[in-house]
Amino acid sequence: MKSTELIDQLSEKLKDQVKNSGDYMTPLERFHCVNTHNQVPDRLICWAFYREFPRYLVNHTVKDLETSHFNQTENYLAGLVEFGYDTIWTNVDLYSVTPEIYGCPIDMKEDAISVPMKGVIRKPEQLKELKNVNPEEDGRLPVVLNTVALLREKIGDIYPVIGHLSGPISLASSLRGASKFVADIKRNPEFLAELLDFCADQTILIGKALLDRGAIGISMADATGSPNMCSPQQYRDLFLPAYKKIQKALAHMTPVGVRWHSQSGIDELDDIETFVRESCEAGNTVFHVATPWSLNIDLRSVLEILKSYNACLWFGIAPAAFATWTEEEMDANVKGFIEKYAKGFEGNILMGPNMLNDTTKPELVKAWMKAMKTYGKCY
Amino acid sequence: MVSGYDYTQMIQMVVDGEGDDVLDLVDEALESGESADAIIEKGLVEGMKIVSDKYDKKEFFVPDLAAAADAMSDALDELKPHLEQSTEEVKGTIVIGVVQECSQEIGKNIVSAMLSGGGFRVHDIGINVTPKEFIDKAKEVHADIIALGCPMLQTVKYIKETVDLAVEENIRDQVKFLIGGASTNPGTVADQGADGWGKDGSEAVDVALKLMEELRK
C-alpha cells in the first residue's frame, strides 16, 4: 500500500523499540497469549484506549484523523513509539462513521470527535428504505479499512491490529435518535427487534470487511448497549439476539473472536453473575468495566467466571487519574491494582485506562507504563 | 378555590409513558379550569415521582423513565403558553445540555423534564454542546445553573473547560454547575471544578434547589 515517509520511519522505530525492549514477547505474541489462548504472558497487557490522544505528536487535528488513513496511521504509530503500550485503536470516530452513511447529520469540528446529531428513522416504516452498507465505498469507511490494512502491513508482525467498530445497539440508537430508541424498548419492542437485526447485519458487513483487510479480531464499542440501559429481560430479549447474530457470522473467522466491550453500569445490576455468564455464553470474549464504578463490585468473582469461559476482563486506572495524580500515586495504584486483582488471572486480564484524552498528562502515561512493566511481570 | 379535577388518570398515563393520552388529559384539565401550575404539580410531577420511585426500587428501568419523561416533556410544551401567564415563582433558570463530542441525550432529557416539572425555567440546548455554547446561552438567559450531562468518559474534560470559560467570562460567581451522567460520580465535582452532582432526575432537582440556596447566600 502507499504510505508516507513518517509512517515508514515510525514503523521502523517501533520495530527497533520492540526488539530492544527487553520484553520476552512482542505485543502481538502477548495479545495472542492472553486473548487467544488465555495463558500467562511475560507481563500483563497494557491495554490503552487512546484514539486521538497522541495526535499532538504528529501535529494533526481530529478532523485530519477522521478523514485520512495516512494521518490516522501516523497518529497511532506515534503513540506507540512515544508510550509503548500494547494496543492499537483503529477507529477514531467509530460512533459517527456508519450513521453518516445513512444520512444522519454529523457535526464535524476541526479538532473534536464527530457526533451524529439526529436520527433518520422518524417512522418505523422507514427502516425498510435503508440499504445495506458497502464498506469499501461508503462514506468514511474506506478511511477505517485502509488504516487497518496499512497498520497490518507495516507492524502486523509485531502488534495486534484489531478492527474497531460501533456495535449494533449504538448504531440503532443513532439511526432512530436516542430518545425514540429508548422509548421504543418500552413502546415498540417488535420494531426495535427489526431495527437491531438490521444493525447487526450492517455490523457483520463492516466486520467482515475489517477482517478481509487484515484485522485479527473484531472489537465493538457499544455504549448504548450497556446493561443499565434497560431491564435484564429487555437486554436478553432485544440486545443479546443482535450480539449473537454477529457472533455467529464472524466469530469463526478469527481465533481472537468478537468482543463487545460495553458493560458500563454492571455495578447497578442485582445479578451480576447471570449477566456475565449470559454474555459469555453469547460469545463475548472481553468484558469491560469502567473504574471507579468497577471497584464497587467483586472483580475477582467476575474474573473467576470469565476464566471459566476463557474470556478476559479489561479494567484499570480511571481516566481522570491521568490528569490529576502524581507519578508516585500512579505507581502505587498500579502496584495495588495488580496485587489485588491480577494475581492468578494473568491470562484473563487486560489492564489500562479506559480513555486517554486531551487532559491526560503524557508523563503519567509513561509512569503507568513503567509501573505496569515493573509490577506486571509474570515470570 | 378547591380543585375538583381528578388527576388519577393523568398520573397513571405519565407512569405508563403514554404521551398522547397525557396531552389529551392536559387539555381536558385546562378546559375544566385547572391552572398550568396545578396540572404540573398535581399531575405530571406526581406521575414522575412514582416513576422515579419505581426506578429506585428497580421495578422500572431507563426505558420507563425515558417514556415518562417524553410524555411529560410534550405536556410541558403544551402548557408553556399558560405558564408564561402564571404568577407562580420560578425557582431558578437552568441551561442544560449534553457536553461536546457526545450525542447520548436520554439521561439529559429525563433530567430536563424533571427540572421543568420541579419549577425551574429550563433552556435545553441539546447535544454536542461546546463550552462556549453553554456559556453564551447562560449569559443570554441569565442562568443560575448550568447543567451538563456527560455520559461518556472521554468527554468529562469538557466539564472543566466549561467551568474555566465561566471564570474567563467573569460569570463564575453568578452561576452554579450541576453535573450528571454515566461517566460522572460525586468525585467528578471536585475534579472538574463543578458544584453539584445528581445521580438521576429526582436527585438533580434536589441538588439544583440546594445550589439555588447557595447562590442566594
# chains A, B, ... in the order shown; residues from 1 in each chain; ligands from 1
call {"tool": "interface_residues", "arguments": {"of": "chain B", "to": "chain A", "cutoff": "6 Å", "atoms": "only C-alpha atoms", "output": "PDB file with all heavy atoms, in the first residue's frame"}}
result
ATOM      1  N   PHE B  61     -37.113   0.730  34.665  1.00  0.00           N
ATOM      2  CA  PHE B  61     -35.779   0.852  34.087  1.00  0.00           C
ATOM      3  C   PHE B  61     -35.718   2.097  33.180  1.00  0.00           C
ATOM      4  O   PHE B  61     -36.726   2.789  33.035  1.00  0.00           O
ATOM      5  CB  PHE B  61     -35.416  -0.443  33.353  1.00  0.00           C
ATOM      6  CG  PHE B  61     -35.355  -1.620  34.277  1.00  0.00           C
ATOM      7  CD1 PHE B  61     -36.494  -2.388  34.550  1.00  0.00           C
ATOM      8  CD2 PHE B  61     -34.181  -1.928  34.946  1.00  0.00           C
ATOM      9  CE1 PHE B  61     -36.438  -3.451  35.444  1.00  0.00           C
ATOM     10  CE2 PHE B  61     -34.118  -2.986  35.836  1.00  0.00           C
ATOM     11  CZ  PHE B  61     -35.249  -3.746  36.085  1.00  0.00           C
ATOM     12  N   VAL B  62     -34.555   2.301  32.576  1.00  0.00           N
ATOM     13  CA  VAL B  62     -34.367   3.528  31.792  1.00  0.00           C
ATOM     14  C   VAL B  62     -35.474   3.738  30.739  1.00  0.00           C
ATOM     15  O   VAL B  62     -35.970   4.857  30.583  1.00  0.00           O
ATOM     16  CB  VAL B  62     -32.958   3.543  31.137  1.00  0.00           C
ATOM     17  CG1 VAL B  62     -32.823   4.690  30.137  1.00  0.00           C
ATOM     18  CG2 VAL B  62     -31.884   3.673  32.211  1.00  0.00           C
ATOM     19  N   PRO B  63     -35.887   2.694  30.001  1.00  0.00           N
ATOM     20  CA  PRO B  63     -36.957   2.939  29.017  1.00  0.00           C
ATOM     21  C   PRO B  63     -38.248   3.460  29.651  1.00  0.00           C
ATOM     22  O   PRO B  63     -38.941   4.284  29.035  1.00  0.00           O
ATOM     23  CB  PRO B  63     -37.182   1.550  28.387  1.00  0.00           C
ATOM     24  CG  PRO B  63     -35.860   0.862  28.552  1.00  0.00           C
ATOM     25  CD  PRO B  63     -35.348   1.320  29.882  1.00  0.00           C
ATOM     26  N   ALA B  66     -37.543   7.098  30.403  1.00  0.00           N
ATOM     27  CA  ALA B  66     -37.477   7.892  29.173  1.00  0.00           C
ATOM     28  C   ALA B  66     -38.872   8.130  28.603  1.00  0.00           C
ATOM     29  O   ALA B  66     -39.183   9.243  28.151  1.00  0.00           O
ATOM     30  CB  ALA B  66     -36.598   7.188  28.150  1.00  0.00           C
ATOM     31  N   ALA B  67     -39.710   7.097  28.613  1.00  0.00           N
ATOM     32  CA  ALA B  67     -41.063   7.249  28.065  1.00  0.00           C
ATOM     33  C   ALA B  67     -41.870   8.238  28.907  1.00  0.00           C
ATOM     34  O   ALA B  67     -42.593   9.087  28.370  1.00  0.00           O
ATOM     35  CB  ALA B  67     -41.764   5.889  28.008  1.00  0.00           C
ATOM     36  N   GLU B 101     -18.925  16.407  21.825  1.00  0.00           N
ATOM     37  CA  GLU B 101     -18.484  15.084  21.370  1.00  0.00           C
ATOM     38  C   GLU B 101     -19.393  13.956  21.864  1.00  0.00           C
ATOM     39  O   GLU B 101     -18.989  12.798  21.877  1.00  0.00           O
ATOM     40  CB  GLU B 101     -17.038  14.782  21.779  1.00  0.00           C
ATOM     41  CG  GLU B 101     -16.012  15.679  21.121  1.00  0.00           C
ATOM     42  CD  GLU B 101     -14.580  15.267  21.407  1.00  0.00           C
ATOM     43  OE1 GLU B 101     -14.352  14.113  21.784  1.00  0.00           O
ATOM     44  OE2 GLU B 101     -13.697  16.118  21.232  1.00  0.00           O
ATOM     45  N   ILE B 106     -30.414  10.677  26.425  1.00  0.00           N
ATOM     46  CA  ILE B 106     -31.535  10.085  27.155  1.00  0.00           C
ATOM     47  C   ILE B 106     -31.613  10.608  28.591  1.00  0.00           C
ATOM     48  O   ILE B 106     -32.644  11.084  29.050  1.00  0.00           O
ATOM     49  CB  ILE B 106     -31.414   8.548  27.151  1.00  0.00           C
ATOM     50  CG1 ILE B 106     -31.451   8.048  25.712  1.00  0.00           C
ATOM     51  CG2 ILE B 106     -32.520   7.910  27.967  1.00  0.00           C
ATOM     52  CD1 ILE B 106     -30.693   6.762  25.470  1.00  0.00           C
ATOM     53  N   GLN B 154     -14.740   9.852  27.820  1.00  0.00           N
ATOM     54  CA  GLN B 154     -13.792  10.681  27.079  1.00  0.00           C
ATOM     55  C   GLN B 154     -14.206  12.143  27.005  1.00  0.00           C
ATOM     56  O   GLN B 154     -13.438  12.974  26.532  1.00  0.00           O
ATOM     57  CB  GLN B 154     -13.561  10.125  25.668  1.00  0.00           C
ATOM     58  CG  GLN B 154     -14.788   9.960  24.822  1.00  0.00           C
ATOM     59  CD  GLN B 154     -15.380   8.567  24.952  1.00  0.00           C
ATOM     60  OE1 GLN B 154     -15.417   8.011  26.044  1.00  0.00           O
ATOM     61  NE2 GLN B 154     -15.845   8.010  23.868  1.00  0.00           N
TER      62      GLN B 154
END
call {"tool": "residues_around", "arguments": {"residues": "Ile216 (chain A)", "least_positions_apart": "5", "cutoff": "7 Å", "atoms": "only C-alpha atoms", "output": "MDAnalysis selection string"}}
result
chainID A and resid 160:162 211 254 256
call {"tool": "residues_around", "arguments": {"residues": "region 47-53 of chain B", "least_positions_apart": "5", "cutoff": "10 Å", "atoms": "only C-alpha atoms", "output": "ChimeraX atom specification"}}
result
/B:7-17,40-42,58-61,64-66,68-69,71-72,110,113-114,117,200-203
call {"tool": "write_last_selection", "arguments": {"atoms": "N, CA and C atoms", "output": "compact mmCIF listing (two decimals), in the first residue's frame"}}
result
# COMPACT_ATOMS: atom_id res chain seq x y z
N TYR B 7 -56.90 13.93 39.18
CA TYR B 7 -55.65 13.75 38.44
C TYR B 7 -55.19 12.27 38.33
N THR B 8 -56.00 11.39 38.89
CA THR B 8 -55.57 9.98 38.95
C THR B 8 -55.15 9.43 37.58
N GLN B 9 -56.00 9.71 36.58
CA GLN B 9 -55.73 9.13 35.26
C GLN B 9 -54.49 9.76 34.61
N MET B 10 -54.33 11.08 34.80
CA MET B 10 -53.17 11.76 34.22
C MET B 10 -51.89 11.20 34.84
N ILE B 11 -51.92 11.02 36.15
CA ILE B 11 -50.74 10.47 36.85
C ILE B 11 -50.40 9.09 36.27
N GLN B 12 -51.44 8.27 36.10
CA GLN B 12 -51.21 6.91 35.59
C GLN B 12 -50.64 6.93 34.17
N MET B 13 -51.12 7.86 33.34
CA MET B 13 -50.63 7.93 31.96
C MET B 13 -49.16 8.39 31.91
N VAL B 14 -48.79 9.26 32.84
CA VAL B 14 -47.37 9.65 32.92
C VAL B 14 -46.55 8.42 33.32
N VAL B 15 -47.04 7.70 34.31
CA VAL B 15 -46.33 6.49 34.76
C VAL B 15 -46.18 5.49 33.61
N ASP B 16 -47.23 5.38 32.81
CA ASP B 16 -47.20 4.43 31.68
C ASP B 16 -46.43 4.98 30.48
N GLY B 17 -46.08 6.25 30.52
CA GLY B 17 -45.35 6.86 29.41
C GLY B 17 -46.20 7.01 28.16
N ILE B 40 -49.13 20.72 36.42
CA ILE B 40 -47.74 20.22 36.55
C ILE B 40 -47.54 19.56 37.91
N GLU B 41 -47.94 20.30 38.93
CA GLU B 41 -47.66 19.83 40.29
C GLU B 41 -48.47 18.59 40.67
N LYS B 42 -49.78 18.62 40.38
CA LYS B 42 -50.64 17.53 40.85
C LYS B 42 -50.73 16.35 39.88
N LYS B 58 -35.90 -0.46 41.46
CA LYS B 58 -35.59 -1.37 40.35
C LYS B 58 -36.82 -2.11 39.82
N GLU B 59 -37.99 -1.46 40.00
CA GLU B 59 -39.19 -2.01 39.37
C GLU B 59 -39.32 -1.43 37.96
N PHE B 60 -38.76 -0.24 37.76
CA PHE B 60 -38.74 0.41 36.46
C PHE B 60 -37.29 0.55 35.99
N PHE B 61 -37.11 0.73 34.66
CA PHE B 61 -35.78 0.85 34.09
C PHE B 61 -35.72 2.10 33.18
N ASP B 64 -38.55 3.02 30.86
CA ASP B 64 -39.75 3.54 31.55
C ASP B 64 -39.57 5.01 31.89
N LEU B 65 -38.38 5.33 32.40
CA LEU B 65 -38.08 6.73 32.73
C LEU B 65 -38.15 7.60 31.49
N ALA B 66 -37.54 7.10 30.40
CA ALA B 66 -37.48 7.89 29.17
C ALA B 66 -38.87 8.13 28.60
N ALA B 68 -41.73 8.15 30.22
CA ALA B 68 -42.45 9.07 31.10
C ALA B 68 -41.95 10.50 30.92
N ALA B 69 -40.62 10.64 30.82
CA ALA B 69 -40.04 11.99 30.63
C ALA B 69 -40.49 12.57 29.30
N ALA B 71 -43.29 11.89 27.73
CA ALA B 71 -44.70 12.29 27.89
C ALA B 71 -44.79 13.60 28.64
N MET B 72 -43.99 13.73 29.68
CA MET B 72 -44.02 14.95 30.49
C MET B 72 -43.51 16.14 29.68
N ILE B 110 -34.42 13.21 30.54
CA ILE B 110 -35.14 12.87 31.77
C ILE B 110 -34.93 13.97 32.81
N ALA B 113 -36.77 17.22 31.93
CA ALA B 113 -38.21 17.16 32.23
C ALA B 113 -38.45 17.28 33.73
N MET B 114 -37.61 16.63 34.51
CA MET B 114 -37.79 16.66 35.97
C MET B 114 -37.54 18.08 36.51
N GLY B 117 -40.48 20.22 35.60
CA GLY B 117 -41.58 19.87 36.49
C GLY B 117 -41.34 20.36 37.90
N ASP B 200 -29.64 11.05 39.44
CA ASP B 200 -30.74 10.89 38.49
C ASP B 200 -31.58 12.17 38.49
N GLY B 201 -32.70 12.14 37.78
CA GLY B 201 -33.52 13.34 37.65
C GLY B 201 -34.04 13.84 38.98
N SER B 202 -34.47 12.91 39.79
CA SER B 202 -35.04 13.27 41.08
C SER B 202 -34.00 13.96 41.96
N GLU B 203 -32.80 13.36 42.00
CA GLU B 203 -31.74 13.95 42.81
C GLU B 203 -31.26 15.27 42.21
call {"tool": "select_by_dssp", "arguments": {"residues": "region 12-187 of chain B", "states": "strand (DSSP E or B)", "output": "PyMOL selection string"}}
result
chain B and resi 93-99+121-124+129+145-149+176-180
call {"tool": "residues_around", "arguments": {"residues": "region 28-44 of chain A", "least_positions_apart": "5", "cutoff": "10 Å", "atoms": "only C-alpha atoms", "output": "PyMOL selection string"}}
result
chain A and resi 23+86-87+155-161+216-217+254-257+285-286+307+309-312+338+342+344-352+372-379
call {"tool": "select_by_dssp", "arguments": {"residues": "region 16-203 of chain A", "states": "helix (DSSP H, G or I)", "output": "ChimeraX atom specification"}}
result
/A:16-19,27-36,53-57,62-67,69-83,97-101,124-129,141-155,168-176,178-187,189-203
call {"tool": "residues_around", "arguments": {"residues": "Lys340 (chain A)", "least_positions_apart": "5", "cutoff": "12 Å", "atoms": "only C-alpha atoms", "output": "mmCIF file with N, CA, C and O atoms, in the first residue's frame"}}
result
data_model
loop_
_atom_site.group_PDB
_atom_site.id
_atom_site.type_symbol
_atom_site.label_atom_id
_atom_site.label_comp_id
_atom_site.auth_asym_id
_atom_site.auth_seq_id
_atom_site.Cartn_x
_atom_site.Cartn_y
_atom_site.Cartn_z
ATOM 1 N N LEU A 295 -14.882 -0.725 40.929
ATOM 2 C CA LEU A 295 -14.301 -1.063 42.230
ATOM 3 C C LEU A 295 -15.381 -1.368 43.270
ATOM 4 O O LEU A 295 -15.091 -1.844 44.359
ATOM 5 N N ASP A 298 -17.266 -7.149 43.124
ATOM 6 C CA ASP A 298 -16.247 -8.151 43.444
ATOM 7 C C ASP A 298 -15.591 -8.602 42.130
ATOM 8 O O ASP A 298 -16.035 -9.561 41.491
ATOM 9 N N LEU A 299 -14.545 -7.891 41.752
ATOM 10 C CA LEU A 299 -13.934 -8.139 40.446
ATOM 11 C C LEU A 299 -13.309 -9.534 40.351
ATOM 12 O O LEU A 299 -13.297 -10.150 39.289
ATOM 13 N N ARG A 300 -12.807 -10.023 41.466
ATOM 14 C CA ARG A 300 -12.175 -11.349 41.398
ATOM 15 C C ARG A 300 -13.224 -12.440 41.134
ATOM 16 O O ARG A 300 -12.949 -13.426 40.460
ATOM 17 N N LEU A 303 -13.830 -12.232 37.536
ATOM 18 C CA LEU A 303 -12.700 -12.857 36.834
ATOM 19 C C LEU A 303 -12.795 -14.390 36.870
ATOM 20 O O LEU A 303 -12.466 -15.065 35.892
ATOM 21 N N GLY A 316 -8.969 -0.927 34.695
ATOM 22 C CA GLY A 316 -7.721 -0.299 35.128
ATOM 23 C C GLY A 316 -7.920 1.043 35.784
ATOM 24 O O GLY A 316 -8.929 1.279 36.447
ATOM 25 N N ASN A 333 -0.775 3.008 42.820
ATOM 26 C CA ASN A 333 -2.092 2.457 42.477
ATOM 27 C C ASN A 333 -1.997 1.291 41.499
ATOM 28 O O ASN A 333 -2.735 0.313 41.621
ATOM 29 N N VAL A 334 -1.100 1.412 40.525
ATOM 30 C CA VAL A 334 -0.939 0.297 39.582
ATOM 31 C C VAL A 334 -0.472 -0.935 40.343
ATOM 32 O O VAL A 334 -0.999 -2.044 40.161
ATOM 33 N N LYS A 335 0.503 -0.736 41.228
ATOM 34 C CA LYS A 335 1.003 -1.855 42.029
ATOM 35 C C LYS A 335 -0.142 -2.488 42.844
ATOM 36 O O LYS A 335 -0.311 -3.704 42.863
ATOM 37 N N PHE A 345 -4.863 -14.310 37.661
ATOM 38 C CA PHE A 345 -5.700 -14.121 36.459
ATOM 39 C C PHE A 345 -4.898 -13.493 35.314
ATOM 40 O O PHE A 345 -5.451 -12.801 34.467
ATOM 41 N N GLU A 346 -3.615 -13.732 35.303
ATOM 42 C CA GLU A 346 -2.754 -13.035 34.331
ATOM 43 C C GLU A 346 -3.151 -13.338 32.879
ATOM 44 O O GLU A 346 -2.913 -12.527 31.988
ATOM 45 N N TYR A 375 5.671 -4.006 37.884
ATOM 46 C CA TYR A 375 4.875 -4.880 38.772
ATOM 47 C C TYR A 375 4.083 -5.939 38.009
ATOM 48 O O TYR A 375 3.541 -6.859 38.616
#
call {"tool": "atom_distance", "arguments": {"atom1": "CA of Glu133 (chain B)", "atom2": "CA of Leu171 (chain A)"}}
result
26.7 Å
call {"tool": "residues_around", "arguments": {"residues": "region 169-178 of chain B", "least_positions_apart": "4", "cutoff": "6 Å", "atoms": "only C-alpha atoms", "output": "list of chain:residue names"}}
result
B:Asp144, B:Ile145, B:Ile146, B:Ala147, B:Ala194, B:Asp195, B:Gly196, B:Trp197
call {"tool": "residues_around", "arguments": {"residues": "Leu65 (chain A)", "least_positions_apart": "4", "cutoff": "12 Å", "atoms": "only C-alpha atoms", "output": "compact mmCIF listing (two decimals) with N, CA, C and O atoms, in the first residue's frame"}}
result
# COMPACT_ATOMS: atom_id res chain seq x y z
N ARG A 51 -7.20 6.42 21.13
CA ARG A 51 -7.84 7.10 20.00
C ARG A 51 -7.07 8.31 19.48
O ARG A 51 -5.97 8.18 18.97
N GLU A 52 -7.59 9.53 19.67
CA GLU A 52 -6.96 10.72 19.07
C GLU A 52 -5.90 11.33 19.97
O GLU A 52 -5.24 12.30 19.58
N PHE A 53 -5.73 10.79 21.19
CA PHE A 53 -4.84 11.42 22.17
C PHE A 53 -3.44 11.76 21.63
O PHE A 53 -2.94 12.86 21.85
N PRO A 54 -2.75 10.84 20.90
CA PRO A 54 -1.36 11.17 20.53
C PRO A 54 -1.21 12.11 19.34
O PRO A 54 -0.08 12.34 18.89
N ARG A 55 -2.28 12.66 18.83
CA ARG A 55 -2.18 13.45 17.58
C ARG A 55 -1.26 14.64 17.73
O ARG A 55 -0.72 15.14 16.73
N TYR A 56 -1.08 15.13 18.97
CA TYR A 56 -0.19 16.29 19.16
C TYR A 56 1.24 15.95 18.76
O TYR A 56 2.03 16.83 18.42
N VAL A 58 2.13 14.39 16.16
CA VAL A 58 2.31 14.46 14.70
C VAL A 58 1.58 15.67 14.09
O VAL A 58 1.37 15.75 12.88
N ASN A 59 1.17 16.58 14.98
CA ASN A 59 0.55 17.84 14.55
C ASN A 59 -0.68 17.66 13.65
O ASN A 59 -0.83 18.35 12.64
N HIS A 60 -1.53 16.75 14.02
CA HIS A 60 -2.78 16.60 13.28
C HIS A 60 -3.95 17.05 14.16
O HIS A 60 -3.87 16.98 15.38
N THR A 61 -5.04 17.47 13.51
CA THR A 61 -6.27 17.73 14.24
C THR A 61 -7.12 16.45 14.20
O THR A 61 -6.82 15.53 13.42
N HIS A 69 -6.59 8.08 6.16
CA HIS A 69 -5.99 6.90 6.82
C HIS A 69 -4.49 7.09 7.04
O HIS A 69 -3.92 6.49 7.94
N PHE A 70 -3.85 7.93 6.24
CA PHE A 70 -2.43 8.22 6.49
C PHE A 70 -2.27 8.95 7.83
O PHE A 70 -1.43 8.58 8.65
N ASN A 71 -3.09 9.97 8.03
CA ASN A 71 -2.99 10.74 9.28
C ASN A 71 -3.33 9.87 10.49
O ASN A 71 -2.69 9.96 11.53
N GLN A 72 -4.38 9.05 10.31
CA GLN A 72 -4.76 8.18 11.43
C GLN A 72 -3.62 7.22 11.78
O GLN A 72 -3.29 7.01 12.95
N THR A 73 -3.03 6.66 10.76
CA THR A 73 -1.94 5.70 10.98
C THR A 73 -0.75 6.38 11.66
O THR A 73 -0.15 5.83 12.59
N GLU A 74 -0.43 7.59 11.21
CA GLU A 74 0.67 8.33 11.85
C GLU A 74 0.37 8.58 13.32
O GLU A 74 1.25 8.44 14.19
N ASN A 75 -0.87 8.93 13.61
CA ASN A 75 -1.30 9.19 14.99
C ASN A 75 -1.09 7.95 15.87
O ASN A 75 -0.48 8.03 16.95
N TYR A 76 -1.55 6.81 15.41
CA TYR A 76 -1.44 5.58 16.22
C TYR A 76 0.02 5.17 16.41
O TYR A 76 0.45 4.81 17.51
N THR A 90 -8.07 1.25 16.24
CA THR A 90 -8.13 1.60 14.82
C THR A 90 -9.42 2.28 14.36
O THR A 90 -9.94 1.98 13.31
N ASN A 91 -9.93 3.18 15.13
CA ASN A 91 -11.08 3.94 14.65
C ASN A 91 -11.29 5.12 15.57
O ASN A 91 -11.77 4.98 16.68
N VAL A 92 -10.96 6.30 15.10
CA VAL A 92 -11.07 7.49 15.93
C VAL A 92 -12.52 7.84 16.20
O VAL A 92 -12.91 8.19 17.30
N ASP A 93 -13.34 7.76 15.17
CA ASP A 93 -14.70 8.30 15.23
C ASP A 93 -15.74 7.20 15.01
O ASP A 93 -16.64 7.34 14.20
N LEU A 94 -15.61 6.14 15.76
CA LEU A 94 -16.40 4.96 15.45
C LEU A 94 -17.90 5.14 15.59
O LEU A 94 -18.67 4.45 14.95
N MET A 108 -19.02 17.77 12.45
CA MET A 108 -17.58 17.52 12.39
C MET A 108 -16.84 18.84 12.59
O MET A 108 -16.86 19.72 11.74
N LYS A 109 -16.20 18.95 13.73
CA LYS A 109 -15.42 20.15 14.02
C LYS A 109 -13.96 19.90 13.66
O LYS A 109 -13.56 18.76 13.41
N GLU A 110 -13.15 20.95 13.68
CA GLU A 110 -11.76 20.80 13.28
C GLU A 110 -11.00 19.90 14.26
O GLU A 110 -10.21 19.04 13.85
N ASP A 111 -11.25 20.09 15.55
CA ASP A 111 -10.44 19.34 16.50
C ASP A 111 -11.26 18.72 17.63
O ASP A 111 -10.91 18.82 18.80
N ALA A 112 -12.37 18.13 17.25
CA ALA A 112 -13.19 17.40 18.23
C ALA A 112 -13.81 16.21 17.51
O ALA A 112 -14.00 16.25 16.29
N ILE A 113 -14.10 15.16 18.29
CA ILE A 113 -14.68 13.96 17.69
C ILE A 113 -16.05 14.26 17.08
O ILE A 113 -16.87 14.94 17.69
N SER A 114 -16.29 13.73 15.90
CA SER A 114 -17.57 13.95 15.23
C SER A 114 -18.72 13.26 15.97
O SER A 114 -18.54 12.18 16.52
N ARG A 140 -16.93 7.37 5.11
CA ARG A 140 -15.55 7.34 5.58
C ARG A 140 -15.10 5.94 5.99
O ARG A 140 -14.05 5.78 6.60
N VAL A 143 -11.63 4.99 5.01
CA VAL A 143 -10.56 5.51 5.88
C VAL A 143 -10.26 4.49 6.98
O VAL A 143 -9.09 4.18 7.27
N VAL A 144 -11.32 3.93 7.54
CA VAL A 144 -11.15 2.94 8.62
C VAL A 144 -10.47 1.68 8.07
O VAL A 144 -9.50 1.17 8.65
N THR A 147 -6.82 2.22 7.09
CA THR A 147 -5.97 2.34 8.29
C THR A 147 -5.60 0.96 8.80
O THR A 147 -4.43 0.68 9.11
call {"tool": "closest_atom_pairs", "arguments": {"of": "region 254-318 of chain A", "to": "region 239-244 of chain A", "cutoff": "12 Å", "atoms": "only C-alpha atoms", "output": "tab-separated table"}}
result
residue	atom	partner	partner_atom	distance
A:Val258	CA	A:Tyr243	CA	9.4
A:Arg259	CA	A:Tyr243	CA	9.2
A:Trp260	CA	A:Tyr243	CA	8.1
A:His261	CA	A:Tyr243	CA	11.5
A:Ser262	CA	A:Tyr243	CA	11.8
A:Phe275	CA	A:Leu240	CA	10.7
A:Glu278	CA	A:Leu240	CA	8.7
A:Ser279	CA	A:Leu240	CA	7.7
A:Cys280	CA	A:Lys244	CA	10.5
A:Glu281	CA	A:Lys244	CA	9.3
A:Ala282	CA	A:Lys244	CA	5.6
A:Gly283	CA	A:Lys244	CA	7.1
A:Asn284	CA	A:Tyr243	CA	8.4
A:Thr285	CA	A:Tyr243	CA	11.9
call {"tool": "closest_residue", "arguments": {"among": "A:Leu306, A:Val120, A:Leu77, A:Ala249", "to": "Glu100 (chain A)", "atoms": "only C-alpha atoms"}}
result
A:Val120
call {"tool": "atom_distance", "arguments": {"atom1": "CA of Phe198 (chain A)", "atom2": "CA of Pro168 (chain A)"}}
result
8.5 Å
call {"tool": "atom_distance", "arguments": {"atom1": "CA of Ile94 (chain B)", "atom2": "CA of Val22 (chain B)"}}
result
24.9 Å
call {"tool": "decode", "arguments": {"residues": "region 352-362 of chain A", "atoms": "N, CA and C atoms", "output": "mmCIF file, in the first residue's frame"}}
result
data_model
loop_
_atom_site.group_PDB
_atom_site.id
_atom_site.type_symbol
_atom_site.label_atom_id
_atom_site.label_comp_id
_atom_site.auth_asym_id
_atom_site.auth_seq_id
_atom_site.Cartn_x
_atom_site.Cartn_y
_atom_site.Cartn_z
ATOM 1 N N GLY A 352 -5.632 -1.238 31.716
ATOM 2 C CA GLY A 352 -5.303 0.043 31.107
ATOM 3 C C GLY A 352 -6.360 1.081 31.357
ATOM 4 N N PRO A 353 -6.060 2.303 30.987
ATOM 5 C CA PRO A 353 -7.051 3.361 31.145
ATOM 6 C C PRO A 353 -8.147 3.207 30.110
ATOM 7 N N ASN A 354 -9.373 3.492 30.508
ATOM 8 C CA ASN A 354 -10.471 3.416 29.547
ATOM 9 C C ASN A 354 -10.259 4.411 28.420
ATOM 10 N N MET A 355 -9.787 5.596 28.752
ATOM 11 C CA MET A 355 -9.666 6.597 27.704
ATOM 12 C C MET A 355 -8.625 7.644 28.055
ATOM 13 N N LEU A 356 -7.610 7.737 27.216
ATOM 14 C CA LEU A 356 -6.673 8.849 27.350
ATOM 15 C C LEU A 356 -7.226 9.985 26.505
ATOM 16 N N ASN A 357 -7.266 11.179 27.071
ATOM 17 C CA ASN A 357 -7.809 12.305 26.304
ATOM 18 C C ASN A 357 -6.915 13.530 26.462
ATOM 19 N N ASP A 358 -7.403 14.654 26.028
ATOM 20 C CA ASP A 358 -6.529 15.839 25.994
ATOM 21 C C ASP A 358 -6.149 16.367 27.372
ATOM 22 N N THR A 359 -6.824 15.901 28.412
ATOM 23 C CA THR A 359 -6.423 16.327 29.763
ATOM 24 C C THR A 359 -5.329 15.415 30.322
ATOM 25 N N THR A 360 -5.084 14.314 29.640
ATOM 26 C CA THR A 360 -4.084 13.342 30.101
ATOM 27 C C THR A 360 -2.683 13.949 30.070
ATOM 28 N N LYS A 361 -1.954 13.746 31.155
ATOM 29 C CA LYS A 361 -0.567 14.215 31.180
ATOM 30 C C LYS A 361 0.323 13.098 30.635
ATOM 31 N N PRO A 362 1.071 13.374 29.567
ATOM 32 C CA PRO A 362 1.911 12.324 28.973
ATOM 33 C C PRO A 362 2.837 11.666 29.989
#
